[in-house]
Structure formats: structure tokens, C-alpha cells
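*Asks:* query17.txt is reproduced below (compact mmCIF, C-alpha atoms).
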# COMPACT_ATOMS: atom_id res chain seq x y z
CA MET A 164 -6.66 -50.01 10.95
CA LYS A 165 -6.30 -49.93 14.73
CA THR A 166 -8.80 -51.34 17.26
CA CYS A 167 -8.79 -49.36 20.50
CA ILE A 168 -10.95 -49.48 23.64
CA LYS A 169 -11.37 -46.45 25.88
CA ASP A 170 -11.21 -46.89 29.64
CA GLU A 171 -12.77 -44.69 32.29
CA ASN A 172 -9.81 -42.28 32.21
CA MET A 173 -10.35 -41.66 28.45
CA LEU A 174 -7.13 -43.50 27.57
CA GLU A 175 -7.21 -45.77 24.51
CA PHE A 176 -5.91 -49.36 24.60
CA ASN A 177 -5.72 -51.95 21.84
CA LYS A 178 -6.61 -55.62 22.15
CA ASN A 179 -3.22 -56.40 23.71
CA ASN A 180 -3.81 -53.79 26.43
CA LYS A 181 -1.19 -51.48 24.96
CA LEU A 182 -1.73 -47.76 25.07
CA CYS A 183 -2.73 -46.23 21.68
CA LEU A 184 -1.66 -42.70 20.90
CA GLU A 185 -3.44 -40.92 18.05
CA LEU A 186 -1.08 -38.70 16.04
CA ASN A 187 -2.28 -35.67 14.13
CA LEU A 188 -0.17 -35.76 10.97
CA GLN A 189 -1.46 -32.33 9.95
CA PHE A 190 0.48 -30.93 12.92
CA PHE A 191 3.75 -32.15 11.37
CA ALA A 192 2.77 -31.04 7.87
CA GLY A 193 2.89 -27.33 8.68
CA GLY A 194 -0.67 -26.65 7.57
CA ASP A 195 -0.03 -23.09 6.39
CA ASP A 196 2.88 -23.78 4.06
CA LYS A 197 3.12 -21.26 1.26
CA THR A 198 3.50 -23.46 -1.79
CA GLU A 199 1.39 -21.60 -4.38
CA PRO A 200 2.85 -18.92 -6.69
CA ALA A 201 1.68 -15.39 -6.08
CA THR A 202 -1.47 -14.33 -7.88
CA PRO A 203 -1.48 -11.22 -10.13
CA LYS A 204 -3.58 -9.39 -7.52
CA LYS A 205 -1.06 -10.01 -4.74
CA LEU A 206 1.81 -8.90 -6.98
CA GLN A 207 -0.11 -5.75 -7.87
CA ASP A 208 -0.87 -4.99 -4.20
CA ALA A 209 2.78 -5.60 -3.28
CA ARG A 210 3.87 -3.24 -6.06
CA LYS A 211 1.59 -0.52 -4.68
CA GLU A 212 3.30 -1.00 -1.32
CA GLY A 213 6.72 -0.60 -2.98
CA GLN A 214 7.62 -4.29 -2.63
CA VAL A 215 9.39 -5.25 -5.86
CA ALA A 216 12.32 -7.42 -6.91
CA LYS A 217 15.06 -4.83 -7.09
CA SER A 218 18.84 -4.86 -6.66
CA ARG A 219 20.45 -1.66 -5.43
CA GLU A 220 23.81 -3.03 -6.52
CA ILE A 221 22.90 -2.66 -10.20
CA GLY A 222 22.30 1.05 -9.85
CA MET A 223 25.47 1.51 -7.81
CA GLY A 224 27.56 -0.56 -10.21
CA LEU A 225 26.29 1.27 -13.29
CA SER A 226 26.76 4.64 -11.59
CA LEU A 227 30.32 3.74 -10.60
CA LEU A 228 31.12 2.57 -14.13
CA GLY A 229 29.57 5.68 -15.65
CA LEU A 230 31.53 7.90 -13.25
CA PHE A 231 34.90 6.45 -14.24
CA LEU A 232 34.04 6.41 -17.96
CA VAL A 233 33.10 10.09 -17.82
CA LEU A 234 36.25 10.78 -15.84
CA LYS A 235 38.37 8.93 -18.43
CA PHE A 236 37.10 11.00 -21.36
CA TYR A 237 36.51 14.24 -19.48
CA ILE A 238 39.57 14.46 -17.24
CA GLY A 239 41.58 16.44 -19.79
CA THR A 240 38.90 19.12 -20.16
CA MET A 241 38.35 19.16 -16.41
CA GLY A 242 42.05 19.69 -15.77
CA GLU A 243 42.19 22.57 -18.23
CA LYS A 244 39.23 24.28 -16.54
CA PHE A 245 40.81 23.87 -13.10
CA MET A 246 44.05 25.44 -14.38
CA GLU A 247 42.11 28.32 -15.94
CA ASP A 248 40.38 29.05 -12.64
CA PHE A 249 43.69 28.76 -10.81
CA HIS A 250 45.31 31.36 -13.10
CA LEU A 251 42.17 33.53 -12.90
CA VAL A 252 42.31 33.69 -9.11
CA TYR A 253 46.01 34.62 -9.08
CA GLU A 254 45.49 37.27 -11.75
CA LYS A 255 42.65 38.83 -9.75
CA ILE A 256 44.54 38.93 -6.43
CA PRO A 257 45.87 42.48 -7.00
CA GLU A 258 42.30 43.70 -7.56
CA PHE A 259 41.06 42.87 -4.05
CA VAL A 260 44.30 42.95 -2.01
CA GLY A 261 45.79 46.40 -1.43
CA THR A 262 49.42 47.37 -0.77
CA GLU A 263 48.75 48.01 2.92
CA GLY A 264 47.15 44.60 3.56
CA THR A 265 43.57 45.76 2.98
CA TYR A 266 41.24 43.93 0.66
CA ASP A 267 38.09 44.67 -1.30
CA ALA A 268 35.33 42.39 -0.03
CA SER A 269 33.05 43.00 -3.03
CA ALA A 270 35.81 42.07 -5.47
CA PHE A 271 36.63 38.96 -3.43
CA CYS A 272 32.97 37.85 -3.40
CA GLY A 273 32.77 38.38 -7.14
CA ILE A 274 35.78 36.19 -7.90
CA LEU A 275 34.51 33.56 -5.41
CA LEU A 276 31.11 33.47 -7.13
CA GLU A 277 32.74 33.17 -10.55
CA CYS A 278 34.91 30.25 -9.39
CA THR A 279 31.91 28.55 -7.76
CA LEU A 280 29.93 28.73 -11.01
CA ASP A 281 32.87 27.27 -12.89
CA MET A 282 33.06 24.40 -10.39
CA VAL A 283 29.36 23.70 -10.87
CA VAL A 284 29.85 23.54 -14.64
CA ILE A 285 32.87 21.23 -14.20
CA VAL A 286 31.03 18.69 -12.00
CA ALA A 287 27.70 18.96 -13.85
CA PRO A 288 28.49 16.05 -16.27
CA PHE A 289 29.10 13.71 -13.32
CA PHE A 290 25.84 14.73 -11.67
CA ILE A 291 23.80 14.42 -14.87
CA VAL A 292 25.26 11.04 -15.84
CA GLY A 293 24.83 9.70 -12.30
CA CYS A 294 21.16 10.73 -12.10
CA LEU A 295 20.41 9.41 -15.59
CA ILE A 296 22.06 6.03 -14.90
CA ALA A 297 20.29 5.67 -11.54
CA PHE A 298 16.93 6.44 -13.17
CA VAL A 299 17.47 4.00 -16.05
CA ALA A 300 18.68 1.26 -13.67
CA ASP A 301 15.56 1.53 -11.50
CA VAL A 302 13.10 1.78 -14.39
CA SER A 303 14.68 -1.20 -16.17
CA GLN A 304 14.17 -3.33 -13.04
CA VAL A 305 10.74 -2.29 -11.76
CA LYS A 306 9.38 -0.12 -14.61
CA TRP A 307 7.80 3.20 -13.65
CA LEU A 308 6.86 3.12 -9.96
CA VAL A 309 6.23 6.10 -7.69
CA THR A 310 5.13 5.34 -4.14
CA MET A 311 5.74 6.80 -0.70
CA LYS A 312 4.70 3.65 1.20
CA PRO A 313 8.30 2.44 1.88
CA LEU A 314 9.05 5.79 3.59
CA GLN A 315 6.15 5.47 6.02
CA PRO A 316 7.15 4.36 9.55
CA LYS A 317 6.27 0.77 10.43
CA PHE A 318 6.17 0.18 14.17
CA ASN A 319 6.17 -3.60 13.78
CA LYS A 320 9.81 -3.34 12.70
CA MET A 321 10.65 -2.12 16.21
CA ASP A 322 9.94 -5.58 17.60
CA PRO A 323 13.30 -6.79 19.05
CA ILE A 324 12.46 -10.45 18.44
CA LYS A 325 11.81 -9.85 14.76
CA GLY A 326 14.95 -7.72 14.67
CA MET A 327 17.03 -10.62 15.95
CA LYS A 328 15.44 -12.89 13.36
CA ARG A 329 16.42 -10.45 10.60
CA ILE A 330 20.00 -10.38 11.90
CA VAL A 331 20.40 -14.15 11.53
CA SER A 332 18.19 -14.47 8.43
CA PRO A 333 19.37 -15.80 5.03
CA GLN A 334 19.15 -12.22 3.72
CA SER A 335 21.67 -10.95 6.27
CA ILE A 336 24.00 -13.87 5.54
CA PHE A 337 23.80 -13.13 1.82
CA GLU A 338 24.52 -9.44 2.45
CA LEU A 339 27.57 -10.42 4.53
CA LEU A 340 28.87 -12.69 1.75
CA LYS A 341 28.23 -9.94 -0.78
CA ALA A 342 30.19 -7.41 1.28
CA ILE A 343 33.09 -9.88 1.64
CA MET A 344 33.05 -10.44 -2.14
CA LYS A 345 33.15 -6.69 -2.82
CA VAL A 346 36.00 -6.03 -0.43
CA GLY A 347 37.89 -9.07 -1.68
CA PHE A 348 37.54 -8.14 -5.36
CA ILE A 349 38.50 -4.51 -4.78
CA THR A 350 41.54 -5.49 -2.71
CA TYR A 351 42.67 -8.06 -5.26
CA LEU A 352 42.28 -5.69 -8.21
CA ALA A 353 44.06 -2.88 -6.35
CA ILE A 354 47.05 -5.14 -5.55
CA VAL A 355 47.28 -6.48 -9.12
CA THR A 356 47.01 -3.00 -10.64
CA VAL A 357 49.63 -1.49 -8.33
CA LYS A 358 52.03 -4.35 -9.06
CA ASP A 359 51.68 -3.75 -12.79
CA LYS A 360 52.36 -0.02 -12.32
CA LEU A 361 55.26 -0.21 -9.87
CA ARG A 362 57.79 1.05 -12.41
CA LEU A 363 55.58 4.01 -13.22
CA ILE A 364 55.11 4.81 -9.53
CA TYR A 365 58.84 4.69 -8.89
CA SER A 366 59.45 7.06 -11.80
CA LEU A 367 57.06 9.77 -10.54
CA TYR A 368 59.96 11.61 -8.85
CA ASP A 369 61.73 12.01 -12.16
CA ILE A 370 58.85 13.49 -14.20
CA SER A 371 57.04 16.82 -14.13
CA LEU A 372 54.05 17.48 -11.90
CA ASN A 373 51.51 17.56 -14.75
CA THR A 374 52.83 14.31 -16.23
CA ALA A 375 52.81 12.64 -12.80
CA LEU A 376 49.24 13.73 -12.15
CA ALA A 377 48.15 12.45 -15.56
CA ALA A 378 49.87 9.10 -14.93
CA ILE A 379 48.29 8.71 -11.49
CA GLY A 380 44.89 9.65 -12.98
CA ASP A 381 45.22 6.94 -15.63
CA VAL A 382 46.06 4.34 -12.97
CA VAL A 383 43.10 5.36 -10.79
CA ILE A 384 40.67 5.43 -13.70
CA ASP A 385 41.77 2.03 -15.05
CA LEU A 386 41.44 0.57 -11.56
CA GLY A 387 38.00 2.13 -11.16
CA ILE A 388 36.76 0.69 -14.47
CA LYS A 389 38.02 -2.79 -13.53
CA VAL A 390 36.36 -2.55 -10.13
CA SER A 391 33.12 -1.38 -11.75
CA MET A 392 33.10 -4.32 -14.18
CA TRP A 393 33.60 -6.82 -11.36
CA TYR A 394 30.99 -4.95 -9.32
CA MET A 395 28.49 -5.50 -12.13
CA ILE A 396 29.04 -9.27 -11.84
CA ILE A 397 28.22 -9.06 -8.13
CA ALA A 398 25.19 -6.91 -8.99
CA ALA A 399 23.94 -9.53 -11.46
CA ILE A 400 24.23 -12.24 -8.79
CA ASP A 401 22.41 -9.99 -6.33
CA PHE A 402 19.62 -9.28 -8.84
CA ILE A 403 19.05 -13.02 -9.44
CA TYR A 404 18.96 -13.62 -5.69
CA GLN A 405 16.53 -10.73 -5.10
CA LYS A 406 14.20 -12.08 -7.82
CA PHE A 407 14.32 -15.54 -6.25
CA LYS A 408 13.76 -14.15 -2.74
CA PHE A 409 10.88 -11.93 -3.90
CA GLN A 410 9.10 -14.83 -5.59
CA LYS A 411 9.59 -16.96 -2.48
CA ASP A 412 8.32 -14.21 -0.16
CA MET A 413 5.27 -13.62 -2.37
CA LYS A 414 4.20 -17.27 -2.36
CA MET A 415 0.78 -17.96 -0.91
CA SER A 416 -0.84 -20.81 0.93
CA LYS A 417 -3.77 -22.61 -0.65
CA GLN A 418 -6.07 -21.03 1.91
CA GLU A 419 -4.86 -17.54 0.97
CA VAL A 420 -5.55 -18.27 -2.70
CA LYS A 421 -9.06 -19.44 -1.83
CA ASP A 422 -9.70 -16.39 0.35
CA GLU A 423 -8.47 -14.04 -2.37
CA TYR A 424 -10.72 -15.73 -4.92
CA LYS A 425 -13.67 -15.40 -2.54
CA ASN A 426 -12.97 -11.71 -1.99
CA ALA A 427 -12.57 -11.05 -5.71
CA GLU A 428 -15.31 -13.24 -7.14
CA GLY A 429 -17.52 -13.68 -4.10
CA ASP A 430 -18.13 -16.72 -1.94
CA PRO A 431 -19.21 -19.62 -4.23
CA LYS A 432 -21.88 -20.62 -1.69
CA VAL A 433 -23.26 -17.09 -1.59
CA LYS A 434 -23.20 -16.83 -5.38
CA SER A 435 -24.95 -20.19 -5.66
CA GLN A 436 -27.63 -19.02 -3.24
CA GLN A 437 -28.06 -15.78 -5.18
CA LYS A 438 -28.43 -17.68 -8.46
CA GLN A 439 -30.93 -20.00 -6.82
CA ARG A 440 -33.01 -17.05 -5.60
CA MET A 441 -32.83 -15.45 -9.04
CA ARG A 442 -34.02 -18.69 -10.67
CA GLN A 443 -36.86 -18.94 -8.20
CA ALA A 444 -37.91 -15.33 -8.85
CA SER A 445 -37.71 -15.92 -12.58
CA GLN A 446 -39.84 -19.06 -12.29
CA ARG A 447 -42.45 -17.20 -10.23
CA ARG A 448 -42.70 -14.50 -12.89
CA MET A 449 -42.88 -17.18 -15.57
CA MET A 450 -45.67 -19.03 -13.78
CA GLN A 451 -47.60 -15.78 -13.36
CA SER A 452 -47.52 -15.21 -17.14
CA ILE A 453 -48.93 -18.66 -18.03
CA PRO A 454 -52.59 -17.61 -17.59
CA THR A 455 -52.10 -14.95 -20.31
CA ALA A 456 -50.80 -17.53 -22.83
CA ASP A 457 -52.87 -18.72 -25.81
CA VAL A 458 -51.57 -22.28 -25.91
CA VAL A 459 -49.18 -24.69 -24.19
CA ILE A 460 -47.37 -27.06 -26.55
CA THR A 461 -46.16 -30.28 -24.91
CA ASN A 462 -43.95 -33.28 -25.63
CA PRO A 463 -46.25 -34.49 -23.82
CA THR A 464 -44.31 -35.49 -20.65
CA HIS A 465 -40.80 -34.00 -20.95
CA PHE A 466 -41.30 -30.48 -22.37
CA ALA A 467 -43.92 -27.76 -22.13
CA VAL A 468 -43.78 -24.38 -23.89
CA ALA A 469 -46.39 -21.63 -23.41
CA LEU A 470 -46.98 -19.23 -26.34
CA LYS A 471 -48.77 -15.90 -26.49
CA TYR A 472 -49.79 -14.14 -29.70
CA ASP A 473 -50.99 -10.55 -29.94
CA ALA A 474 -52.16 -9.83 -33.46
CA ASP A 475 -52.38 -6.06 -32.81
CA SER A 476 -48.71 -5.81 -31.83
CA GLY A 477 -47.48 -6.91 -35.25
CA LYS A 478 -45.01 -9.31 -33.62
CA ALA A 479 -44.64 -13.07 -33.94
CA PRO A 480 -45.82 -15.34 -31.12
CA VAL A 481 -43.71 -15.02 -27.97
CA VAL A 482 -42.58 -17.76 -25.56
CA VAL A 483 -43.82 -16.71 -22.11
CA ALA A 484 -42.90 -19.90 -20.24
CA LYS A 485 -41.11 -23.18 -20.80
CA GLY A 486 -39.95 -26.09 -18.67
CA GLU A 487 -38.74 -29.65 -18.56
CA ASP A 488 -39.96 -32.66 -16.57
CA PHE A 489 -41.29 -31.42 -13.18
CA LEU A 490 -41.47 -27.81 -14.35
CA ALA A 491 -43.28 -28.91 -17.52
CA LYS A 492 -45.80 -30.75 -15.37
CA ARG A 493 -46.33 -27.64 -13.25
CA ILE A 494 -46.84 -25.48 -16.38
CA LYS A 495 -49.55 -27.86 -17.62
CA GLU A 496 -51.27 -27.84 -14.21
CA ILE A 497 -51.42 -24.03 -14.16
CA ALA A 498 -52.61 -24.03 -17.77
CA LYS A 499 -55.46 -26.41 -16.88
CA GLU A 500 -56.42 -24.29 -13.86
CA ASN A 501 -56.64 -21.19 -16.07
CA LYS A 502 -58.30 -23.00 -19.05
CA VAL A 503 -55.34 -22.49 -21.39
CA GLU A 504 -55.41 -24.99 -24.27
CA ILE A 505 -52.75 -27.73 -24.18
CA VAL A 506 -51.67 -29.15 -27.54
CA GLU A 507 -49.40 -32.16 -27.95
CA ASN A 508 -46.75 -31.70 -30.69
CA LYS A 509 -43.50 -33.47 -29.87
CA PRO A 510 -41.20 -32.06 -32.64
CA LEU A 511 -42.49 -28.51 -32.21
CA ALA A 512 -42.22 -28.64 -28.41
CA ARG A 513 -38.58 -29.79 -28.60
CA MET A 514 -37.71 -27.14 -31.23
CA LEU A 515 -39.27 -24.34 -29.19
CA TYR A 516 -37.70 -25.48 -25.91
CA HIS A 517 -34.15 -25.78 -27.24
CA ASN A 518 -34.11 -22.78 -29.62
CA VAL A 519 -36.29 -20.00 -28.16
CA GLU A 520 -35.70 -18.31 -24.79
CA ILE A 521 -38.42 -16.91 -22.57
CA GLY A 522 -39.56 -13.49 -23.83
CA GLU A 523 -38.28 -14.08 -27.37
CA GLU A 524 -40.30 -14.34 -30.56
CA ILE A 525 -40.38 -17.62 -32.42
CA PRO A 526 -38.03 -17.86 -35.46
CA PRO A 527 -39.46 -17.57 -39.02
CA GLU A 528 -38.87 -21.26 -39.75
CA LEU A 529 -41.45 -22.16 -37.08
CA TYR A 530 -44.12 -19.69 -38.22
CA GLN A 531 -46.15 -22.23 -40.19
CA ALA A 532 -46.11 -24.95 -37.51
CA VAL A 533 -47.08 -22.50 -34.75
CA ALA A 534 -49.74 -20.90 -36.99
CA GLU A 535 -51.37 -24.29 -37.49
CA VAL A 536 -51.46 -24.86 -33.73
CA LEU A 537 -52.88 -21.38 -33.06
CA ALA A 538 -55.48 -21.87 -35.81
CA PHE A 539 -56.53 -25.11 -34.18
CA VAL A 540 -56.79 -23.42 -30.77
CA TYR A 541 -58.70 -20.42 -32.12
CA GLY A 542 -61.04 -22.84 -33.88
CA LEU A 543 -61.79 -24.51 -30.55
CA LYS A 544 -62.51 -21.11 -28.98
CA ASN A 545 -64.49 -19.87 -32.00
CA LYS A 546 -62.06 -16.97 -32.56
Please lay out the structure from this file as C-alpha cells.
*Replies:*
Amino acid sequence: MKTCIKDENMLEFNKNNKLCLELNLQFFAGGDDKTEPATPKKLQDARKEGQVAKSREIGMGLSLLGLFLVLKFYIGTMGEKFMEDFHLVYEKIPEFVGTEGTYDASAFCGILLECTLDMVVIVAPFFIVGCLIAFVADVSQVKWLVTMKPLQPKFNKMDPIKGMKRIVSPQSIFELLKAIMKVGFITYLAIVTVKDKLRLIYSLYDISLNTALAAIGDVVIDLGIKVSMWYMIIAAIDFIYQKFKFQKDMKMSKQEVKDEYKNAEGDPKVKSQQKQRMRQASQRRMMQSIPTADVVITNPTHFAVALKYDADSGKAPVVVAKGEDFLAKRIKEIAKENKVEIVENKPLARMLYHNVEIGEEIPPELYQAVAEVLAFVYGLKNK
């Protein structure tokens, strides 16, 4: 505890005439630190905006691997189709090229269309596999999500200060390291693969064209599959980082959690005031029904229960009002003002108060006890 005295200039001094400086520790605490995990509502809102933990590298890695696997098993068929189209074009040349250098444009367009359709059929497996893998990779990460929000222009991203912050952010550093890893792995695998195939490369001059092309294709495909496998390792690291970054970015401060709860459930103070007003309105209605009661059964000081019985309705007696302590006292006062009989029965008053709500009929096990009280009251009134 410090003892300080203020002088005329509003400076504080202790007993030894030394200047006292009051430090606000909240200033150093960073009052708006986001330490709370994201609530389900915030995650849902972020998902609607297209903000999800997603790694693009997984889709690219799987697509690259699928491309080379399809190429490995389909390259033979693809080569045969290319050779068929090559022979087809050369066989059709005499049909659209005349002896005097003229050519038939319609015949040329026909052969061009036929070759184009064949090319589409040849590359169709690559297109289908690529689209299917990209779709499965996205759905497996973020489930089914269709939103156009990420495509909408955001003018706050044009802020140069924020742009500079993004350039030197941990995300940009991670992307740089990831790019270095990719280039390094690809370069290393290419060097190792070429070294292993040097004898084959040197022998390409001594083999036929088709055999050389097949050998080069095998080397390229094997290298592509190796690169794809290593790429998947980088993609897994990127996915873990993106999950971690997303969870960190989605964290909320304690004040944000409180505000969200208020918006979702309502301000506790307002709800408390509403409940208080509802209780007051309910008590007013209850007090207004006491004059219509036949009897008020008391404890005699702690509980008071007002009963009303309508023989013509065919129903059991109904509790029209009940209260404890101060409210019980008020019920008895209103009953006296309106000449409603008050009967003291401690066990029955407690049973009615704890087991029967206002507006409900009494249970069958209390019929006899209540009937005796009503008979006593009716006897007093000569009913």
C-alpha cells in the first residue's frame, strides 16, 4: 500500500517527498487479447463468408499425382491414338490437295474437325480425373460449401499499410519457406533421377525413335510420381499449419464472447427486468382473483393458499393464489378485506403450496382434506 499526498499541481508525493507515479497495469496487459476459442456461431458465420481451414496444396498435390498415374497407365493407349490420327491425316492429304497446288477447304475442315474430336477424347481422362480429385480434395477438407463471398471485392484490402503488414506477416514467411521446400525437393529429385538414368540417356542415340520416346516417358512419369509424393508431404504440413492459423485467427476476446451471448440470448439485465415485470403482472392478476376465492388456507405465518370451488363446473377446487412470507401476509390481508374465510391448516397449506401451481386443480389425494375445509367454511356461511 502506498501513501501519497497531492500538491497544488496535482502531483502525488509519498511521505519521503518522492514523486509517486501510478501505473495502469491493464495498459500493459493488452486488454483485448483474444484468448477464448471460437464459438460455434462465429465458426458458422465465418464459414458463410468462405473463411475455412483449407490447404490448396492438398488439391494440387493430389491432382499432380493423379495426372502422372493416369499418364503411366494411359500413355500406351494415348500414343496409339496419336499415331492413328497421324496416319489418318497423311492418308487424307490427297483428298484435299490437288495436283496443281489447289486444295479442298471443305475436306480440310472435315479432317481438322475429326482430329480435334479425337484430341478431346484423348485428353478427356486427364480432365475428368483432375476435376474429380479437386472436388474430392475440397469436400474432404471443408465439406460441401458454396459461397460467392470470397469473390466479392473488399476495398479494405487496398490499404497500403495493411498490405505491408501482410508482406512481412508469418503467413508470407511460411509461404516463402514452402516455396523454397518445393523448389528444393523438385530439384533434388530431378538430379537424383537423372543420375540414375544416365546410361539410358546416353543410349538414346542407339535405339529407335519409339523406344526412345517410351524410355523418356517412363523417366518423366517416375519423376513426376516421386515429386507428387513429396509434394503431398508438403501439403500435409501446410494443412496442419492452416488449421492452426485458422483456429488462432478465429479466437475471441472475453468481451466478444460476452457480446455474442448478449446478442444471442439477450442482455441478462434486460431479461431479468422482463422476468421481474412478468412476475409483477402475474402477482397483480393473482391478487385480483383472491376476492373470488372460497377459502384461504394458511400455515399460519409462512404459507397462504387461496382455493376456489365451482360445483357446477364439475372440476375439483382450483388454486387461484398462493404465496410465502410477505406475499402470504398480503394474501391474508386482501382476503380479510373481501371477507374471504381464512382457515389455519399447516400440513394442508404446505402440501398445496409445494405441489399445486396457480390455476391447477388439487390432486385426488387432497380431496378429502380440502372437502373438510370447504364443508367447514360453507357451514359458517350457511351454504
*Asks:* Using only C-alpha atoms, can you tell me which of A:Val252, A:Lys417, A:Glu496, A:Tyr351 comes closest to Leu276 of chain A?
*Replies:*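 Selected residue with least distance to Leu276 of chain A: A:Val252.
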*Asks:* Please determine the residues with any atom at most 12 Å from (42.9, 5.8, -14.2) (coordinates as given in the file, with all atoms listed in the file counting) and report them as a PyMOL selection string.
*Replies:* chain A and resi 230-238+353+356-357+360+376-390
*Asks:* Atoms to include: C-alpha atoms. Write the selected residues as a PDB file, in the coordinates of the input.
*Replies:*
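Output file selection.pdb follows:
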ATOM      1  CA  LEU A 230      31.530   7.900 -13.250  1.00  0.00           C
ATOM      2  CA  PHE A 231      34.900   6.450 -14.240  1.00  0.00           C
ATOM      3  CA  LEU A 232      34.040   6.410 -17.960  1.00  0.00           C
ATOM      4  CA  VAL A 233      33.100  10.090 -17.820  1.00  0.00           C
ATOM      5  CA  LEU A 234      36.250  10.780 -15.840  1.00  0.00           C
ATOM      6  CA  LYS A 235      38.370   8.930 -18.430  1.00  0.00           C
ATOM      7  CA  PHE A 236      37.100  11.000 -21.360  1.00  0.00           C
ATOM      8  CA  TYR A 237      36.510  14.240 -19.480  1.00  0.00           C
ATOM      9  CA  ILE A 238      39.570  14.460 -17.240  1.00  0.00           C
ATOM     10  CA  ALA A 353      44.060  -2.880  -6.350  1.00  0.00           C
ATOM     11  CA  THR A 356      47.010  -3.000 -10.640  1.00  0.00           C
ATOM     12  CA  VAL A 357      49.630  -1.490  -8.330  1.00  0.00           C
ATOM     13  CA  LYS A 360      52.360  -0.020 -12.320  1.00  0.00           C
ATOM     14  CA  LEU A 376      49.240  13.730 -12.150  1.00  0.00           C
ATOM     15  CA  ALA A 377      48.150  12.450 -15.560  1.00  0.00           C
ATOM     16  CA  ALA A 378      49.870   9.100 -14.930  1.00  0.00           C
ATOM     17  CA  ILE A 379      48.290   8.710 -11.490  1.00  0.00           C
ATOM     18  CA  GLY A 380      44.890   9.650 -12.980  1.00  0.00           C
ATOM     19  CA  ASP A 381      45.220   6.940 -15.630  1.00  0.00           C
ATOM     20  CA  VAL A 382      46.060   4.340 -12.970  1.00  0.00           C
ATOM     21  CA  VAL A 383      43.100   5.360 -10.790  1.00  0.00           C
ATOM     22  CA  ILE A 384      40.670   5.430 -13.700  1.00  0.00           C
ATOM     23  CA  ASP A 385      41.770   2.030 -15.050  1.00  0.00           C
ATOM     24  CA  LEU A 386      41.440   0.570 -11.560  1.00  0.00           C
ATOM     25  CA  GLY A 387      38.000   2.130 -11.160  1.00  0.00           C
ATOM     26  CA  ILE A 388      36.760   0.690 -14.470  1.00  0.00           C
ATOM     27  CA  LYS A 389      38.020  -2.790 -13.530  1.00  0.00           C
ATOM     28  CA  VAL A 390      36.360  -2.550 -10.130  1.00  0.00           C
TER      29      VAL A 390
END
*Asks:* What lies within 12 Å of segment 538-541 of chain A using all atoms listed in the file, ignoring chain neighbours under 3 positions off, as a PyMOL selection string?
*Replies:* chain A and resi 456-460+470-472+502-507+530-535+544-546
*Asks:* What separation in Å, quoted to one decimal, exists between atom CA of Asn501 of chain A and atom CA of Asp475 of chain A?
*Replies:*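 Computing the Euclidean distance for atom CA of Asn501 of chain A and atom CA of Asp475 of chain A yields 23.0 Å.
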*Asks:* For Glu524 of chain A, please output as number ranges by chain all residues within 8 Å (counting only C-alpha atoms; exclusion window: fewer than 6 positions along the same chain).
*Replies:* A: 478-482
*Asks:* Write out, as a Markdown table, each residue of segment 385-461 of chain A that has an atom at most 7 Å from segment 193-214 of chain A, together with the closest pair of atoms and their distance in Å to one decimal, counting only C-alpha atoms, rows going by chain and rising number.
*Replies:*
| residue | atom | partner | partner_atom | distance |
| --- | --- | --- | --- | --- |
| A:Met413 | CA | A:Ala201 | CA | 5.5 |
| A:Lys414 | CA | A:Pro200 | CA | 4.8 |
| A:Met415 | CA | A:Lys197 | CA | 4.6 |
| A:Ser416 | CA | A:Lys197 | CA | 4.0 |
| A:Lys417 | CA | A:Glu199 | CA | 6.4 |
*Asks:* Please produce a file of the residues just selected, as a PDB file, in the frame of the given file, where the atoms kept are C-alpha atoms.
*Replies:*
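The result, written out as result-v9.pdb:
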ATOM      1  CA  MET A 413       5.270 -13.620  -2.370  1.00  0.00           C
ATOM      2  CA  LYS A 414       4.200 -17.270  -2.360  1.00  0.00           C
ATOM      3  CA  MET A 415       0.780 -17.960  -0.910  1.00  0.00           C
ATOM      4  CA  SER A 416      -0.840 -20.810   0.930  1.00  0.00           C
ATOM      5  CA  LYS A 417      -3.770 -22.610  -0.650  1.00  0.00           C
TER       6      LYS A 417
END
*Asks:* Between atom CA of Lys244 of chain A and atom CA of Gly229 of chain A, what distance in Å does the model show, to one decimal?
*Replies:*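 Taking atom CA of Lys244 of chain A and atom CA of Gly229 of chain A, their separation equals 21.0 Å.
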*Asks:* Rounded to one decimal in Å, what is the spacing between atom CA of Ile453 of chain A and atom CA of Met441 of chain A?
*Replies:*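 Those two atoms sit 18.7 Å apart.
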*Asks:* For Tyr394 of chain A, which of A:Gln451, A:Ser226, A:Asn518, A:Gln334 is the closest residue, counting all atoms listed in the file?
*Replies:* A:Ser226
*Asks:* Choose the residue, out of A:Leu537, A:Phe337, A:Met392, A:Gly224, that has the smallest atom-to-atom separation from Ala474 of chain A; count all atoms listed in the file.
*Replies:*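 Of A:Leu537, A:Phe337, A:Met392, A:Gly224, the one nearest Ala474 of chain A, counting all atoms listed in the file, is A:Leu537.
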*Asks:* When you count only C-alpha atoms, which of these residues is closest to Leu295 of chain A: A:Ile274, A:Ile403, A:Leu225, A:Ile521?
*Replies:*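 Of the candidates, the smallest distance to Leu295 of chain A is held by A:Leu225.
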*Asks:* Point out the residue among A:Glu220, A:Ala268, A:Thr279, A:Val483 with the least atom-to-atom distance to Glu523 of chain A, counting all atoms listed in the file.
*Replies:*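 Selected residue with least distance to Glu523 of chain A: A:Val483.
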